[in-house]
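Student: The structure follows.
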Number of protein chains: 2
Amino acid sequence: MKLLEEKIVEYGEVIGESVLKVDCFLNHQLDIELFNEMGKEFKRLFNEEKITKILTIETSGIAIAALAALHFGVPVLFAKKNAGSNMGADVYEAKVFSYTKNKEYNIKVCKKYISKEDSVLIIDDFLASGSAVLGLIQIAQAAGASVAGVGIAIEKSFERGRKAIEETGVRVESLAIVESMKNSQISFK
Amino acid sequence: MKLLEEKIVEYGEVIGESVLKVDCFLNHQLDIELFNEMGKEFKRLFNEEKITKILTIETSGIAIAALAALHFGVPVLFAKKNAGSNMGADVYEAKVFSYTKNKEYNIKVCKKYISKEDSVLIIDDFLASGSAVLGLIQIAQAAGASVAGVGIAIEKSFERGRKAIEETGVRVESLAIVESMKNSQISFK
């Protein structure tokens, strides 16, 4: 997606050879007009699929999922990393490792909000190792829901996330695919 | 706002006399069509204000702020409760106490995304003690930004949040004001 690639080139900060910081428009300050265009693009890409719900994970996936959901006309369900005291125990869980926080999370989704009637589209901001998306697929499968696909804003194709997800039989669509960030030069696929 | 009050009555769970659980449409599963209507209503309420940015706090404020931002045509900036390793040190901070998690957070916003040129609308899901909103006001003030107002989805008027915020001179608009939840009966103002 041209618009997203342009934002990455203009505002992205490369740290080392593997961290791409896009706080300015995607992870801290959120460019909602961009997110709206991304939502339209996800709708175009998955238009043939019957989607009942968008599944994402806190925090950075939420606003992207929310704007996409507007175009699909479905609710968002987000897995919680830091569940509050009133979440209850009737949950599906999966383990997810966050490399930016160097921490393992036990992500949780209430059982009553996902079932075998659902066909979910998983949305997230980044695809790197694929740990978060694999955790969400695991939760959908535990609920008997089908996974219509995975929609990603920015994929770092030099990490191994896509392969791991495609091995589960799930289709992945990324709006921008960063192939390399060597010498702070971002190149797209 | 009629639509929101109806959702609260239909799906809200009252726990004790002060906890209102609205996981079904506001905090875990997100009713994006409702959020879109809420966004329109915030725009109507604050239409006279010149707003440059919507300021909120993770997690539950984000999607509400995102849909509101679509109607204002401005970006969202969210304060982080659990800042990652690449956030940097150049931040405004405030202390916020979460009663649902019984925990104090040091919320953070990068200095480069808020300045004296900004006039922010603060958006959050709940207004109870007011701790989160007061923290956001403190951050806006530290940046020299003006606060055009506070927009809340659900206010629990029997807690003291509104008074504390209005004492800072900031206008508060809540889309649903719950006056009492005694005997699990929800009554609105």
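Labeling convention for the structure tokens: chains A, B, ... as they appear, residues from 1 per chain, ligands from 1 in order of appearance.
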Write down as a PyMOL selection string the residues of chain A whose backbone DSSP state falls under strand (DSSP E).

Tutor: chain A and resi 13-15+19-21+29-30+53-57+76-79+91-98+103-110+119-127+146-156+172-180+187-188

Student: Could you tell me how far atom CA of B:Ser157 lies from atom CA of B:Leu4, in Å and to one decimal?

Tutor: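 Computed distance, atom CA of B:Ser157 to atom CA of B:Leu4, equals 16.0 Å.
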
Student: Any idea what's packed within 6 Å of stretch 13-30 of chain B, counting only C-alpha atoms, ignoring anything in its chain fewer than 3 positions away? Could you give it as a PyMOL selection string?

Tutor: (chain A and resi 75-78) or (chain B and resi 60+181-182+184)

Student: Filtering to N, CA, C and O atoms, could you give me those residues as an mmCIF file, in the first residue's frame?

Tutor:
```cif
data_model
loop_
_atom_site.group_PDB
_atom_site.id
_atom_site.type_symbol
_atom_site.label_atom_id
_atom_site.label_comp_id
_atom_site.auth_asym_id
_atom_site.auth_seq_id
_atom_site.Cartn_x
_atom_site.Cartn_y
_atom_site.Cartn_z
ATOM 1 N N PRO A 75 -17.947 -6.454 14.826
ATOM 2 C CA PRO A 75 -17.263 -6.007 16.043
ATOM 3 C C PRO A 75 -15.792 -6.428 16.075
ATOM 4 O O PRO A 75 -15.369 -7.291 15.296
ATOM 5 N N VAL A 76 -15.059 -5.817 16.969
ATOM 6 C CA VAL A 76 -13.666 -6.196 17.251
ATOM 7 C C VAL A 76 -13.654 -6.968 18.568
ATOM 8 O O VAL A 76 -14.416 -6.665 19.485
ATOM 9 N N LEU A 77 -12.798 -7.954 18.634
ATOM 10 C CA LEU A 77 -12.541 -8.640 19.904
ATOM 11 C C LEU A 77 -11.038 -8.580 20.106
ATOM 12 O O LEU A 77 -10.286 -8.985 19.209
ATOM 13 N N PHE A 78 -10.604 -8.032 21.246
ATOM 14 C CA PHE A 78 -9.145 -8.011 21.423
ATOM 15 C C PHE A 78 -8.715 -8.876 22.592
ATOM 16 O O PHE A 78 -9.338 -8.872 23.651
ATOM 17 N N SER B 60 -8.584 0.723 27.018
ATOM 18 C CA SER B 60 -9.988 0.817 26.580
ATOM 19 C C SER B 60 -10.371 2.152 25.950
ATOM 20 O O SER B 60 -11.390 2.248 25.282
ATOM 21 N N MET B 181 -26.463 2.120 40.937
ATOM 22 C CA MET B 181 -26.558 0.719 40.507
ATOM 23 C C MET B 181 -27.033 -0.127 41.676
ATOM 24 O O MET B 181 -26.749 -1.324 41.732
ATOM 25 N N LYS B 182 -27.742 0.503 42.615
ATOM 26 C CA LYS B 182 -28.187 -0.226 43.816
ATOM 27 C C LYS B 182 -29.111 -1.379 43.454
ATOM 28 O O LYS B 182 -29.957 -1.252 42.584
ATOM 29 N N SER B 184 -28.497 -3.903 41.793
ATOM 30 C CA SER B 184 -28.260 -4.251 40.375
ATOM 31 C C SER B 184 -29.172 -3.522 39.403
ATOM 32 O O SER B 184 -29.287 -3.899 38.235
#
```

Student: Mind listing the helix (DSSP H, G or I) residues of stretch 67-173 of chain B, per DSSP on the backbone, as a ChimeraX atom specification?

Tutor: /B:67-72,111-113,131-142,161-166

Student: Which polymer residues have any atom within 7 Å of an atom of stretch 163-176 of chain B, counting only C-alpha atoms, with same-chain residues fewer than 6 positions away left out, as a PyMOL selection string?

Tutor: chain B and resi 1+4-5+130+134+147+149-155

Student: Keeping only N, CA and C atoms, write those residues as a JSON list (two decimals), in the first residue's frame.

Tutor:
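Done, and the output landed in selection-v6.json:
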```json
[["chain", "number", "residue", "atom", "x", "y", "z"],
["B", 1, "MET", "N", -26.94, 9.68, 25.76],
["B", 1, "MET", "CA", -27.08, 9.12, 24.41],
["B", 1, "MET", "C", -27.89, 7.82, 24.52],
["B", 4, "LEU", "N", -26.41, 4.27, 23.64],
["B", 4, "LEU", "CA", -25.44, 3.76, 24.62],
["B", 4, "LEU", "C", -26.16, 3.30, 25.89],
["B", 5, "GLU", "N", -27.13, 4.08, 26.34],
["B", 5, "GLU", "CA", -27.89, 3.69, 27.55],
["B", 5, "GLU", "C", -28.60, 2.35, 27.32],
["B", 130, "GLY", "N", -11.75, 9.57, 38.30],
["B", 130, "GLY", "CA", -11.17, 10.65, 37.51],
["B", 130, "GLY", "C", -9.65, 10.60, 37.43],
["B", 134, "LEU", "N", -7.38, 13.01, 35.03],
["B", 134, "LEU", "CA", -6.54, 14.01, 35.69],
["B", 134, "LEU", "C", -5.07, 13.85, 35.28],
["B", 147, "VAL", "N", -6.59, 22.20, 26.95],
["B", 147, "VAL", "CA", -7.52, 21.07, 26.99],
["B", 147, "VAL", "C", -8.91, 21.60, 26.63],
["B", 149, "GLY", "N", -11.61, 19.94, 26.27],
["B", 149, "GLY", "CA", -12.68, 19.26, 26.99],
["B", 149, "GLY", "C", -12.37, 17.80, 27.21],
["B", 150, "VAL", "N", -13.29, 17.16, 27.92],
["B", 150, "VAL", "CA", -13.17, 15.74, 28.21],
["B", 150, "VAL", "C", -14.45, 15.06, 27.74],
["B", 151, "GLY", "N", -14.31, 14.03, 26.91],
["B", 151, "GLY", "CA", -15.46, 13.27, 26.44],
["B", 151, "GLY", "C", -15.38, 11.85, 26.98],
["B", 152, "ILE", "N", -16.44, 11.45, 27.66],
["B", 152, "ILE", "CA", -16.47, 10.15, 28.36],
["B", 152, "ILE", "C", -17.62, 9.31, 27.79],
["B", 153, "ALA", "N", -17.41, 8.02, 27.66],
["B", 153, "ALA", "CA", -18.52, 7.16, 27.26],
["B", 153, "ALA", "C", -19.47, 7.00, 28.45],
["B", 154, "ILE", "N", -19.00, 6.39, 29.53],
["B", 154, "ILE", "CA", -19.87, 6.12, 30.68],
["B", 154, "ILE", "C", -19.32, 6.76, 31.95],
["B", 155, "GLU", "N", -20.11, 7.64, 32.52],
["B", 155, "GLU", "CA", -19.73, 8.27, 33.80],
["B", 155, "GLU", "C", -20.52, 7.61, 34.93]]
```

Student: Atom CA of B:Gly61 to atom CA of A:Phe46: how many Å, to one decimal?

Tutor: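 Computing it gives 27.5 Å between the two atoms.
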
Student: Could you check which of A:Ala69, A:Glu179, A:Lys50, A:Leu121 is closest to B:Glu33, using only C-alpha atoms?

Tutor: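 Under the stated criterion, the closest residue is A:Ala69.
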
Student: So, counting only C-alpha atoms, which residue among A:Asn36, A:Ala142, A:Thr52, A:Ser115 is closest to A:Tyr92?

Tutor: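 Closest residue, counting only C-alpha atoms: A:Ala142.
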
Student: Restricting the calculation to only C-alpha atoms, which member of A:Ile57, A:Leu45, A:Asn86, A:Tyr113 is positioned closest to B:Asp31?

Tutor: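 Among A:Ile57, A:Leu45, A:Asn86, A:Tyr113, it is A:Tyr113 that comes nearest to B:Asp31.
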
Student: With distances taken over only C-alpha atoms, which of B:Thr100, B:Tyr105, B:Lys111, B:Gly135 is nearest to B:Met87?

Tutor: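 Distance minimum relative to B:Met87 lands on B:Lys111.
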
Student: What does the distance between atom CA of A:Ala132 and atom CA of A:Glu58 come to in Å, to one decimal place?

Tutor: 10.0 Å

Student: Counting only C-alpha atoms, which residue out of A:Glu37, A:Phe72, A:Val9, A:Lys101 sits closest to chain B?

Tutor: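 That would be A:Lys101, the residue with the smallest distance to chain B.
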